[in-house]
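Data block for work-v3.txt (compact mmCIF, C-alpha atoms and all ligand atoms):
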```txt
# COMPACT_ATOMS: atom_id res chain seq x y z
CA MET C 1 -80.72 151.67 93.87
CA LYS C 2 -78.27 148.99 94.93
CA VAL C 3 -77.67 147.95 98.54
CA SER C 4 -74.88 145.48 99.33
CA ILE C 5 -74.90 143.37 102.47
CA LEU C 6 -71.79 145.11 103.80
CA ASN C 7 -70.02 148.03 102.14
CA LEU C 8 -66.38 147.49 103.12
CA LYS C 9 -65.03 149.97 100.56
CA ARG C 10 -67.03 152.83 102.06
CA LEU C 11 -65.87 151.89 105.54
CA HIS C 12 -62.26 151.85 104.34
CA GLU C 13 -62.58 155.23 102.63
CA SER C 14 -63.85 156.73 105.89
CA ILE C 15 -60.59 156.02 107.73
CA LYS C 16 -58.11 155.63 104.86
CA PRO C 17 -55.43 158.04 106.17
CA ASP C 18 -55.26 156.13 109.50
CA ILE C 19 -54.88 152.84 107.67
CA ASP C 20 -52.27 154.15 105.24
CA LYS C 21 -50.18 155.35 108.14
CA ALA C 22 -50.56 152.07 110.04
CA ILE C 23 -49.38 150.08 107.02
CA ALA C 24 -46.50 152.47 106.27
CA ASP C 25 -45.29 152.14 109.87
CA VAL C 26 -44.97 148.36 109.56
CA PHE C 27 -43.26 148.61 106.17
CA ASN C 28 -40.79 151.06 107.63
CA MET C 29 -40.19 148.99 110.75
CA GLN C 30 -40.08 145.61 108.90
CA ASN C 31 -41.24 143.95 112.13
CA PHE C 32 -43.68 141.57 110.52
CA ILE C 33 -43.72 138.72 113.05
CA LEU C 34 -44.90 139.52 116.61
CA GLY C 35 -43.87 143.16 116.30
CA SER C 36 -44.72 145.77 118.92
CA GLN C 37 -48.13 146.48 117.34
CA VAL C 38 -49.25 142.94 118.20
CA SER C 39 -48.67 143.36 121.93
CA GLU C 40 -50.07 146.89 121.75
CA LEU C 41 -53.28 145.52 120.21
CA GLU C 42 -53.40 142.68 122.75
CA THR C 43 -53.32 145.26 125.55
CA LYS C 44 -56.02 147.36 123.86
CA VAL C 45 -58.31 144.39 123.28
CA ALA C 46 -57.80 143.00 126.80
CA ASP C 47 -58.65 146.44 128.25
CA TYR C 48 -61.67 146.81 126.00
CA ILE C 49 -63.08 143.32 126.66
CA GLY C 50 -62.14 143.46 130.32
CA THR C 51 -59.84 140.45 130.52
CA LYS C 52 -56.41 140.10 132.04
CA HIS C 53 -54.88 138.65 128.85
CA ALA C 54 -55.22 138.63 125.07
CA VAL C 55 -53.19 136.51 122.66
CA GLY C 56 -53.14 137.37 118.95
CA VAL C 57 -53.34 134.40 116.58
CA ALA C 58 -53.65 133.84 112.84
CA SER C 59 -57.45 133.45 112.58
CA GLY C 60 -60.66 133.05 114.52
CA THR C 61 -60.55 129.33 113.82
CA ASP C 62 -57.05 129.09 115.28
CA ALA C 63 -58.23 131.10 118.29
CA LEU C 64 -60.84 128.39 118.92
CA VAL C 65 -58.42 125.48 118.37
CA ILE C 66 -55.73 127.04 120.53
CA ALA C 67 -58.15 128.04 123.32
CA LEU C 68 -59.59 124.52 123.34
CA LYS C 69 -56.12 122.99 123.54
CA ALA C 70 -55.12 125.45 126.28
CA ALA C 71 -58.26 124.45 128.20
CA ALA C 72 -57.18 120.79 127.84
CA TYR C 73 -53.78 121.75 129.23
CA LYS C 74 -55.45 123.36 132.21
CA MET C 75 -57.48 120.20 132.85
CA TYR C 76 -54.93 117.50 132.10
CA GLY C 77 -51.52 119.15 132.05
CA ARG C 78 -51.23 118.32 128.34
CA GLU C 79 -52.50 120.04 125.21
CA SER C 80 -54.76 117.16 124.12
CA TYR C 81 -58.09 115.64 125.08
CA ASN C 82 -58.92 112.09 126.06
CA GLU C 83 -60.51 109.99 123.35
CA GLY C 84 -64.26 110.55 123.57
CA ASP C 85 -64.11 113.84 125.50
CA GLU C 86 -67.14 115.84 124.43
CA ILE C 87 -67.72 119.56 123.93
CA ILE C 88 -71.33 120.72 123.61
CA THR C 89 -72.03 123.31 120.94
CA THR C 90 -74.62 124.56 118.46
CA PRO C 91 -75.14 123.07 115.00
CA PHE C 92 -76.36 126.46 113.76
CA THR C 93 -73.05 128.21 113.14
CA PHE C 94 -70.14 128.55 110.76
CA VAL C 95 -68.23 125.29 110.18
CA ALA C 96 -65.19 126.59 112.11
CA THR C 97 -67.02 126.21 115.43
CA GLY C 98 -67.37 122.48 114.89
CA ASP C 99 -64.14 121.72 113.08
CA SER C 100 -62.09 123.51 115.73
CA ILE C 101 -63.41 121.01 118.29
CA LEU C 102 -62.33 118.14 116.04
CA LEU C 103 -58.97 119.77 115.37
CA ALA C 104 -58.40 120.10 119.12
CA GLY C 105 -59.05 116.36 119.43
CA ALA C 106 -62.47 116.42 121.14
CA LYS C 107 -65.91 115.40 119.92
CA PRO C 108 -68.64 117.95 119.18
CA VAL C 109 -72.09 117.35 120.65
CA PHE C 110 -74.76 119.28 118.78
CA VAL C 111 -77.85 120.38 120.70
CA GLY C 112 -80.89 122.37 119.58
CA ILE C 113 -81.21 126.15 119.38
CA ASP C 114 -83.57 128.78 120.69
CA PRO C 115 -85.84 129.84 117.79
CA GLY C 116 -85.92 133.50 118.96
CA THR C 117 -82.18 134.16 118.99
CA CYS C 118 -80.84 131.13 117.05
CA ASN C 119 -78.39 130.65 119.95
CA ILE C 120 -77.75 127.39 121.79
CA ASN C 121 -80.71 126.20 123.87
CA THR C 122 -79.46 125.90 127.43
CA GLU C 123 -82.31 123.57 128.43
CA GLU C 124 -81.04 121.11 125.85
CA VAL C 125 -77.50 121.47 127.16
CA LYS C 126 -78.76 120.55 130.65
CA LYS C 127 -80.82 117.69 129.29
CA TYR C 128 -77.90 116.14 127.44
CA ILE C 129 -75.61 116.42 130.45
CA SER C 130 -78.13 114.88 132.82
CA GLU C 131 -79.03 112.03 130.47
CA SER C 132 -75.68 111.10 128.99
CA GLY C 133 -73.14 113.72 129.82
CA SER C 134 -70.43 111.96 131.77
CA ARG C 135 -67.97 112.53 128.93
CA VAL C 136 -68.76 116.21 128.55
CA VAL C 137 -65.75 118.36 129.40
CA GLY C 138 -66.82 121.72 128.00
CA ILE C 139 -69.36 123.99 126.36
CA LEU C 140 -68.65 126.14 123.28
CA PRO C 141 -71.44 128.74 123.01
CA VAL C 142 -71.52 130.86 119.84
CA HIS C 143 -72.90 134.40 120.11
CA ILE C 144 -74.53 134.11 116.74
CA TYR C 145 -75.21 137.23 114.64
CA GLY C 146 -73.69 139.39 117.41
CA GLN C 147 -76.11 138.54 120.20
CA SER C 148 -75.17 136.93 123.50
CA CYS C 149 -76.14 133.41 124.45
CA ASP C 150 -77.74 133.00 127.88
CA MET C 151 -74.41 133.22 129.69
CA HIS C 152 -76.04 133.11 133.11
CA GLU C 153 -77.41 129.62 132.45
CA ILE C 154 -74.28 128.44 130.65
CA MET C 155 -71.97 129.49 133.49
CA GLU C 156 -74.31 127.88 136.06
CA ILE C 157 -74.30 124.59 134.14
CA ALA C 158 -70.52 124.78 133.77
CA LYS C 159 -70.02 125.41 137.48
CA GLU C 160 -72.29 122.54 138.53
CA ASN C 161 -70.60 120.08 136.20
CA ASN C 162 -67.07 121.39 136.34
CA LEU C 163 -66.86 122.21 132.62
CA CYS C 164 -64.75 124.68 130.69
CA VAL C 165 -66.55 127.32 128.64
CA ILE C 166 -64.96 128.66 125.48
CA GLU C 167 -66.98 131.52 123.95
CA ASP C 168 -67.05 131.86 120.16
CA VAL C 169 -67.17 135.65 119.87
CA ALA C 170 -66.29 135.73 116.15
CA GLN C 171 -69.52 137.58 115.32
CA ALA C 172 -69.91 139.60 118.49
CA PHE C 173 -66.89 141.84 119.13
CA GLY C 174 -68.16 144.53 121.52
CA GLY C 175 -71.38 142.71 122.39
CA GLU C 176 -72.40 142.48 126.03
CA TRP C 177 -74.14 140.22 128.51
CA GLU C 178 -75.38 142.26 131.47
CA ASP C 179 -72.44 144.54 132.27
CA LYS C 180 -69.77 142.29 130.78
CA LYS C 181 -68.27 142.24 127.30
CA LEU C 182 -68.63 138.92 125.51
CA GLY C 183 -65.46 136.88 125.71
CA SER C 184 -64.79 137.84 129.32
CA ILE C 185 -67.36 135.52 130.87
CA GLY C 186 -66.23 131.99 130.04
CA GLY C 187 -62.78 130.48 130.58
CA ALA C 188 -61.72 132.07 127.27
CA GLY C 189 -63.23 134.04 124.41
CA CYS C 190 -62.27 133.70 120.76
CA MET C 191 -62.31 136.65 118.37
CA SER C 192 -62.11 136.62 114.59
CA PHE C 193 -60.78 139.57 112.62
CA PHE C 194 -61.90 138.15 109.27
CA PRO C 195 -62.51 141.19 107.01
CA SER C 196 -66.32 141.10 107.21
CA LYS C 197 -66.52 140.73 111.00
CA ASN C 198 -67.48 143.74 113.18
CA LEU C 199 -63.78 144.39 113.76
CA GLY C 200 -62.05 143.11 110.65
CA CYS C 201 -58.50 143.24 109.32
CA PHE C 202 -57.17 142.94 105.76
CA GLY C 203 -56.82 139.18 105.72
CA ASP C 204 -57.06 136.55 108.45
CA GLY C 205 -56.57 137.28 112.11
CA GLY C 206 -57.88 136.23 115.51
CA MET C 207 -57.39 136.53 119.25
CA VAL C 208 -57.90 134.55 122.45
CA VAL C 209 -58.97 136.64 125.45
CA THR C 210 -58.97 135.23 128.98
CA ASN C 211 -58.60 136.00 132.67
CA ASP C 212 -56.86 132.68 133.22
CA ASP C 213 -53.07 132.78 133.51
CA VAL C 214 -52.64 129.12 132.50
CA ILE C 215 -54.85 129.41 129.42
CA ALA C 216 -53.13 132.64 128.36
CA GLY C 217 -49.64 131.23 128.92
CA THR C 218 -50.45 128.01 127.07
CA ALA C 219 -52.11 129.85 124.17
CA GLY C 220 -49.04 132.10 123.94
CA MET C 221 -46.86 129.00 123.58
CA LEU C 222 -49.19 127.11 121.24
CA ARG C 223 -49.24 129.96 118.72
CA LYS C 224 -45.48 129.64 118.24
CA HIS C 225 -44.81 125.92 118.02
CA GLY C 226 -45.46 125.17 121.70
CA GLY C 227 -42.25 126.56 123.16
CA LYS C 228 -41.52 129.17 125.78
CA ASP C 229 -38.83 130.14 123.32
CA LYS C 230 -37.66 128.79 119.97
CA TYR C 231 -35.36 126.08 121.30
CA ASN C 232 -37.19 124.94 124.44
CA VAL C 233 -40.33 123.36 123.07
CA ASP C 234 -42.63 121.49 125.45
CA LEU C 235 -45.96 121.27 123.62
CA LEU C 236 -47.14 120.31 120.14
CA GLY C 237 -48.02 123.78 118.89
CA HIS C 238 -48.92 125.68 115.76
CA ASN C 239 -47.44 128.39 113.61
CA SER C 240 -50.29 130.80 114.25
CA ARG C 241 -49.30 134.35 114.96
CA LEU C 242 -51.30 137.47 114.28
CA ASP C 243 -49.33 139.39 111.64
CA THR C 244 -47.92 142.72 112.79
CA LEU C 245 -49.44 144.25 109.64
CA GLN C 246 -52.90 143.06 110.62
CA ALA C 247 -52.40 144.17 114.22
CA SER C 248 -51.39 147.62 113.01
CA ILE C 249 -54.53 147.90 110.84
CA LEU C 250 -56.66 146.69 113.76
CA LEU C 251 -55.11 149.30 116.07
CA ALA C 252 -56.24 151.95 113.60
CA LYS C 253 -59.74 150.46 113.44
CA ILE C 254 -60.46 149.52 117.07
CA LYS C 255 -60.88 153.22 117.96
CA TYR C 256 -64.09 153.16 115.95
CA ILE C 257 -65.58 149.88 117.15
CA ASP C 258 -68.20 151.42 119.46
CA LEU C 259 -69.14 153.99 116.85
CA TRP C 260 -69.45 151.26 114.22
CA ASN C 261 -71.42 148.91 116.45
CA ASN C 262 -73.75 151.82 117.24
CA GLY C 263 -74.10 152.44 113.51
CA ARG C 264 -75.18 148.83 113.08
CA ARG C 265 -77.61 149.14 115.99
CA ASN C 266 -79.11 152.28 114.44
CA VAL C 267 -79.77 150.44 111.18
CA ALA C 268 -81.29 147.56 113.18
CA ALA C 269 -83.53 150.00 115.06
CA VAL C 270 -84.98 151.20 111.75
CA TYR C 271 -85.54 147.62 110.60
CA ASN C 272 -87.10 146.72 113.97
CA LYS C 273 -89.52 149.63 113.76
CA GLU C 274 -90.42 149.25 110.09
CA LEU C 275 -90.51 145.48 109.79
CA SER C 276 -92.36 144.57 112.97
CA GLY C 277 -95.90 143.38 112.49
CA ILE C 278 -95.46 142.19 108.91
CA ASP C 279 -97.47 139.01 108.52
CA GLY C 280 -95.16 136.12 107.62
CA LEU C 281 -91.93 137.82 108.72
CA VAL C 282 -90.23 137.32 112.09
CA ILE C 283 -87.66 139.92 113.11
CA PRO C 284 -84.77 139.09 115.46
CA ALA C 285 -85.16 139.27 119.23
CA ASP C 286 -83.16 142.09 120.78
CA GLY C 287 -82.36 143.35 124.25
CA LEU C 288 -83.50 140.91 126.89
CA ILE C 289 -82.83 137.20 127.27
CA SER C 290 -84.78 135.75 130.22
CA THR C 291 -84.70 139.17 131.98
CA HIS C 292 -80.94 139.57 131.51
CA ARG C 293 -79.89 142.64 129.55
CA ASN C 294 -77.74 142.07 126.49
CA LEU C 295 -76.23 144.36 123.89
CA HIS C 296 -76.69 142.97 120.38
CA VAL C 297 -74.03 144.26 117.96
CA TYR C 298 -75.79 143.04 114.82
CA HIS C 299 -73.02 141.34 112.90
CA GLN C 300 -76.08 140.25 110.95
CA TYR C 301 -79.67 141.40 110.98
CA THR C 302 -81.41 138.11 110.39
CA CYS C 303 -85.14 137.66 109.82
CA ARG C 304 -87.09 134.47 109.45
CA THR C 305 -89.79 133.63 106.94
CA ASP C 306 -91.29 130.57 105.28
CA ARG C 307 -91.00 132.46 101.98
CA ARG C 308 -87.26 132.94 102.35
CA ASP C 309 -86.07 131.89 98.89
CA ALA C 310 -88.77 133.91 97.11
CA LEU C 311 -87.97 136.97 99.26
CA GLN C 312 -84.26 136.66 98.53
CA ALA C 313 -84.91 136.40 94.76
CA PHE C 314 -87.27 139.40 94.90
CA LEU C 315 -84.72 141.51 96.78
CA LYS C 316 -82.01 140.54 94.29
CA GLU C 317 -84.21 141.73 91.42
CA ARG C 318 -84.52 145.06 93.23
CA GLY C 319 -80.77 145.41 93.73
CA VAL C 320 -80.67 144.35 97.37
CA VAL C 321 -78.14 141.70 98.42
CA SER C 322 -79.22 139.36 101.21
CA MET C 323 -77.52 136.24 102.52
CA VAL C 324 -78.43 132.90 104.05
CA TYR C 325 -76.37 132.30 107.18
CA TYR C 326 -76.49 129.28 107.40
CA PRO C 327 -77.99 127.10 104.68
CA VAL C 328 -76.84 123.77 106.19
CA SER C 329 -76.83 122.73 109.83
CA LEU C 330 -73.44 121.35 110.88
CA HIS C 331 -74.89 117.97 111.87
CA LYS C 332 -76.01 117.52 108.24
CA GLN C 333 -72.52 118.05 106.82
CA LYS C 334 -70.50 114.97 105.88
CA LEU C 335 -67.52 116.00 107.99
CA PHE C 336 -69.48 115.69 111.22
CA MET C 337 -71.62 112.68 110.41
CA ASP C 338 -69.53 109.99 112.10
CA LYS C 339 -67.50 112.33 114.29
CA SER C 340 -70.14 114.07 116.38
CA VAL C 341 -73.04 113.37 118.70
CA ILE C 342 -76.48 114.52 117.65
CA ALA C 343 -78.41 115.25 120.85
CA GLY C 344 -82.14 115.22 120.14
CA ASP C 345 -83.75 115.74 116.76
CA LEU C 346 -82.26 119.21 116.10
CA GLN C 347 -85.47 120.28 114.35
CA THR C 348 -84.94 123.81 115.65
CA SER C 349 -81.73 124.10 113.63
CA GLU C 350 -83.13 122.31 110.60
CA GLN C 351 -86.05 124.72 110.55
CA ALA C 352 -83.81 127.78 110.95
CA VAL C 353 -81.63 126.91 107.94
CA LYS C 354 -84.77 126.96 105.77
CA GLN C 355 -86.09 130.29 107.10
CA VAL C 356 -83.23 132.67 107.89
CA LEU C 357 -82.31 135.64 105.71
CA SER C 358 -79.74 138.26 106.66
CA LEU C 359 -80.42 141.79 105.39
CA PRO C 360 -77.91 144.49 104.45
CA ILE C 361 -76.33 146.06 107.52
CA ASP C 362 -73.13 147.99 107.92
CA PRO C 363 -71.93 150.73 110.23
CA LEU C 364 -72.28 153.50 107.65
CA GLN C 365 -75.48 152.32 105.96
CA ASN C 366 -77.68 155.39 105.60
CA GLU C 367 -81.39 155.75 106.26
CA GLU C 368 -82.15 156.02 102.55
CA GLU C 369 -80.56 152.62 101.90
CA THR C 370 -82.22 151.00 104.89
CA MET C 371 -85.63 152.42 103.92
CA TYR C 372 -85.15 151.19 100.35
CA VAL C 373 -84.65 147.65 101.71
CA VAL C 374 -87.68 148.09 103.98
CA GLU C 375 -89.90 149.24 101.09
CA GLN C 376 -88.99 146.23 98.95
CA ILE C 377 -89.74 143.85 101.83
CA LYS C 378 -93.08 145.54 102.51
CA GLU C 379 -93.96 145.29 98.85
CA PHE C 380 -93.04 141.60 98.78
CA PHE C 381 -95.23 140.72 101.76
CA ALA C 382 -98.12 142.85 100.50
CA LYS C 383 -98.43 140.57 97.49
C1 LIG M 1 -65.97 133.74 111.23
C2 LIG M 1 -66.29 132.72 112.26
C3 LIG M 1 -65.32 131.85 112.78
C4 LIG M 1 -63.96 131.68 112.21
O1 LIG M 1 -63.21 132.79 112.08
P1 LIG M 1 -62.02 132.87 110.98
O2 LIG M 1 -61.30 134.10 111.38
O3 LIG M 1 -62.68 132.96 109.64
O4 LIG M 1 -61.19 131.64 111.11
C5 LIG M 1 -65.69 131.02 113.82
N1 LIG M 1 -66.94 131.03 114.31
C6 LIG M 1 -67.90 131.82 113.82
C7 LIG M 1 -69.26 131.79 114.43
C8 LIG M 1 -67.61 132.70 112.77
O5 LIG M 1 -68.59 133.48 112.29
```
Could I get this structure in the form of structure tokens?
Ligand SMILES: *Cc1c(COP(=O)(O)O)cnc(C)c1O
Amino acid sequence: MKVSILNLKRLHESIKPDIDKAIADVFNMQNFILGSQVSELETKVADYIGTKHAVGVASGTDALVIALKAAAYKMYGRESYNEGDEIITTPFTFVATGDSILLAGAKPVFVGIDPGTCNINTEEVKKYISESGSRVVGILPVHIYGQSCDMHEIMEIAKENNLCVIEDVAQAFGGEWEDKKLGSIGGAGCMSFFPSKNLGCFGDGGMVVTNDDVIAGTAGMLRKHGGKDKYNVDLLGHNSRLDTLQASILLAKIKYIDLWNNGRRNVAAVYNKELSGIDGLVIPADGLISTHRNLHVYHQYTCRTDRRDALQAFLKERGVVSMVYYPVSLHKQKLFMDKSVIAGDLQTSEQAVKQVLSLPIDPLQNEEETMYVVEQIKEFFAK
């Protein structure tokens, strides 16, 4: 038996007629740039997430850069940061989280993570701000693997210190904190529609969601060169629009997002039941973070073990694909070495990169496949 980490072909087959029609519509309309499907999707996503606005952009990375620049505009009345302005984030994430801060002209501050969820440790955020945080202007929490950060703490810290919060929701479309969808809690939320994300398109795509009129208006300008229209340009912007073709595909897919996230949660429930109590294996925390309810949407199902590399090799031999997200902490990458602040020793992140292993999970993964993965893991740890 072979089990891939994510079976995109099967997912596509399951809704192929919807997708074919969506694509044909755009080809017939020839409305490739900011066509009606883009605003239709923006309305759908804003309604779904529970924000007043949504702005489609070319990628999740651009969503972060543009949201950060829009937050600067809200603070300073210009789309740039002051030299030395700092944004606190996690080093345990995809590179885009950190490079978007640099691209927006601010400086990333990396703090440690919570070993249970691999999300940013809010105690360390507080500690950095109280010890040396006068230059901190914002926090960029990443809902890693599809699970919420402690948004209660983060919003409290932000309120006390007058900071902007930009949520990186790239892995957590549909995830919740208490009764709110992720992306609707901070000043803005950034979605990625990269093909392998929980809601993915057929190329690159992203979106900024926000309740803030200034951030939404600025993001809407920044995605098309910084102008209210083509020939009245006020800001230094980007060419970063969500393609109509991608929006049309996403409109066909968004109908299924709850069903698909539930499918992922069902797979996770089997893993949770079958893999708990195995000596040497730590399964992900799910459900409650410091008594606050959260809905984990399992972009990844990520275990931890000291025998990670051996387990991955064993699974590969048995036809099971697993992945290491992430093998290198951002503060150890050359790009960030002289351009970031390392707050504390970051051992929590350095330990995680050695131990994490993400198992196959996808919305349509059947019990037989999941149990096959479980059996191989049990066999490995029995040795
Ligand atoms: C995928 C991802 C991004 C970037 O999204 P793109 O659409 O690939 O630009 C940013 N942050 C995190 C945590 C991601 O997983």
Sorted by chain and rising residue number, list the residues of chain C at most 6 Å from ligand LIG 1 (chain M) (counting all atoms listed in the file), each with its closest atom pair and distance in Å to one decimal, as JSON lines.
```
{"residue": "C:Ser59", "atom": "CA", "partner": "M:LIG1", "partner_atom": "O2", "distance": 4.1}
{"residue": "C:Gly60", "atom": "CA", "partner": "M:LIG1", "partner_atom": "O2", "distance": 3.4}
{"residue": "C:Thr61", "atom": "CA", "partner": "M:LIG1", "partner_atom": "O4", "distance": 3.6}
{"residue": "C:Thr93", "atom": "CA", "partner": "M:LIG1", "partner_atom": "C7", "distance": 5.4}
{"residue": "C:Phe94", "atom": "CA", "partner": "M:LIG1", "partner_atom": "C7", "distance": 5.0}
{"residue": "C:Ala96", "atom": "CA", "partner": "M:LIG1", "partner_atom": "C5", "distance": 4.8}
{"residue": "C:Thr97", "atom": "CA", "partner": "M:LIG1", "partner_atom": "N1", "distance": 4.9}
{"residue": "C:Val142", "atom": "CA", "partner": "M:LIG1", "partner_atom": "C7", "distance": 5.9}
{"residue": "C:Asp168", "atom": "CA", "partner": "M:LIG1", "partner_atom": "N1", "distance": 5.9}
{"residue": "C:Ala170", "atom": "CA", "partner": "M:LIG1", "partner_atom": "C8", "distance": 4.7}
{"residue": "C:Gln171", "atom": "CA", "partner": "M:LIG1", "partner_atom": "O5", "distance": 5.2}
{"residue": "C:Ser192", "atom": "CA", "partner": "M:LIG1", "partner_atom": "O2", "distance": 4.2}
{"residue": "C:Phe193", "atom": "CA", "partner": "M:LIG1", "partner_atom": "O2", "distance": 5.6}
{"residue": "C:Phe194", "atom": "CA", "partner": "M:LIG1", "partner_atom": "O2", "distance": 4.6}
{"residue": "C:Asp204", "atom": "CA", "partner": "M:LIG1", "partner_atom": "O2", "distance": 5.7}
{"residue": "C:Gly205", "atom": "CA", "partner": "M:LIG1", "partner_atom": "O2", "distance": 5.7}
{"residue": "C:Gly206", "atom": "CA", "partner": "M:LIG1", "partner_atom": "O2", "distance": 5.8}
```
Ref. answer, residues at most 12 Å from (-47.3, 137.5, 111.3) with all atoms listed in the file, as a VMD selection string: chain C and resid 26 30 to 38 56 to 59 203 to 206 223 to 224 239 to 248
Contacts of C:Val324 within 8 Å, all atoms listed in the file, excl. fewer than 4 positions in-chain, as a PyMOL selection string: chain C and resi 353+356-358
Selection: 12 Å around C:Ile166, all atoms listed in the file, excl. self and same-chain fewer than 6 positions, as a ChimeraX atom specification: /C:63-72,87-89,97,100-101,137-143,151,154-155,158,182-191,208-210,212,215
Gap from atom CA of C:Cys149 to atom CA of C:Tyr301 - Å, one decimal: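 Interatomic distance here is 16.1 Å.
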What lies within 9 Å of C:Leu8 using only C-alpha atoms, ignoring chain neighbours under 2 positions off, as a PDB file with C-alpha atoms, keeping the file's coordinate frame?
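Contents of result.pdb, freshly written:
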```
ATOM      1  CA  LEU C   6     -71.790 145.110 103.800  1.00  0.00           C
ATOM      2  CA  ARG C  10     -67.030 152.830 102.060  1.00  0.00           C
ATOM      3  CA  LEU C  11     -65.870 151.890 105.540  1.00  0.00           C
ATOM      4  CA  HIS C  12     -62.260 151.850 104.340  1.00  0.00           C
ATOM      5  CA  GLU C  13     -62.580 155.230 102.630  1.00  0.00           C
ATOM      6  CA  PRO C 195     -62.510 141.190 107.010  1.00  0.00           C
ATOM      7  CA  SER C 196     -66.320 141.100 107.210  1.00  0.00           C
ATOM      8  CA  ASP C 362     -73.130 147.990 107.920  1.00  0.00           C
TER       9      ASP C 362
END
```
Computed interatomic separation between atom CA of C:Asp338 and atom CA of C:Thr122 (Å):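 Pair atom CA of C:Asp338 / atom CA of C:Thr122 returns 24.2 Å.
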Best match for closeness to C:Ser148 among C:Asp213, C:Asp47, C:Asp179, C:Asp345, counting all atoms listed in the file: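 Of C:Asp213, C:Asp47, C:Asp179, C:Asp345, the one nearest C:Ser148, counting all atoms listed in the file, is C:Asp179.
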Just want the 7 Å neighbourhood of stretch 111-113 of chain C, counted on all atoms listed in the file, with same-chain residues fewer than 2 positions away dropped. Output as a compact mmCIF listing (two decimals) with C-alpha atoms, in the frame of the given file.
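Below you can see out-v4.txt, which holds the result:
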```
# COMPACT_ATOMS: atom_id res chain seq x y z
CA THR C 89 -72.03 123.31 120.94
CA THR C 90 -74.62 124.56 118.46
CA PRO C 91 -75.14 123.07 115.00
CA VAL C 109 -72.09 117.35 120.65
CA PRO C 115 -85.84 129.84 117.79
CA CYS C 118 -80.84 131.13 117.05
CA ASN C 119 -78.39 130.65 119.95
CA ILE C 120 -77.75 127.39 121.79
CA ASN C 121 -80.71 126.20 123.87
CA GLU C 124 -81.04 121.11 125.85
CA VAL C 125 -77.50 121.47 127.16
CA ILE C 342 -76.48 114.52 117.65
CA ALA C 343 -78.41 115.25 120.85
CA GLY C 344 -82.14 115.22 120.14
CA LEU C 346 -82.26 119.21 116.10
CA THR C 348 -84.94 123.81 115.65
CA SER C 349 -81.73 124.10 113.63
```
Contacts of stretch 307-320 of chain C within 12 Å, all atoms listed in the file, excl. fewer than 5 positions in-chain, as a ChimeraX atom specification: /C:1-6,279-282,302,325,327,351-361,369-383
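Candidate residues C:Leu235, C:Val136, C:Ile283, C:Leu103 were compared for distance to C:Lys339, and the nearest is C:Leu103, using all atoms listed in the file.
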For C:Gly174, the nearest of the candidates C:Asn294, C:Asn266, C:Asn162, C:Thr218, counting all atoms listed in the file: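 Looking only at the distances to C:Gly174, the closest residue turns out to be C:Asn294.
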Straight-line distance linking atom CA of C:Glu350 with atom CA of C:Ile129, stated in Å to one decimal: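 Separation of atom CA of C:Glu350 and atom CA of C:Ile129: 22.0 Å.
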From C:Gly200, C:Gly105, C:Gly84, C:Gly133, residue lying nearest C:Phe173 [all atoms listed in the file]: C:Gly200
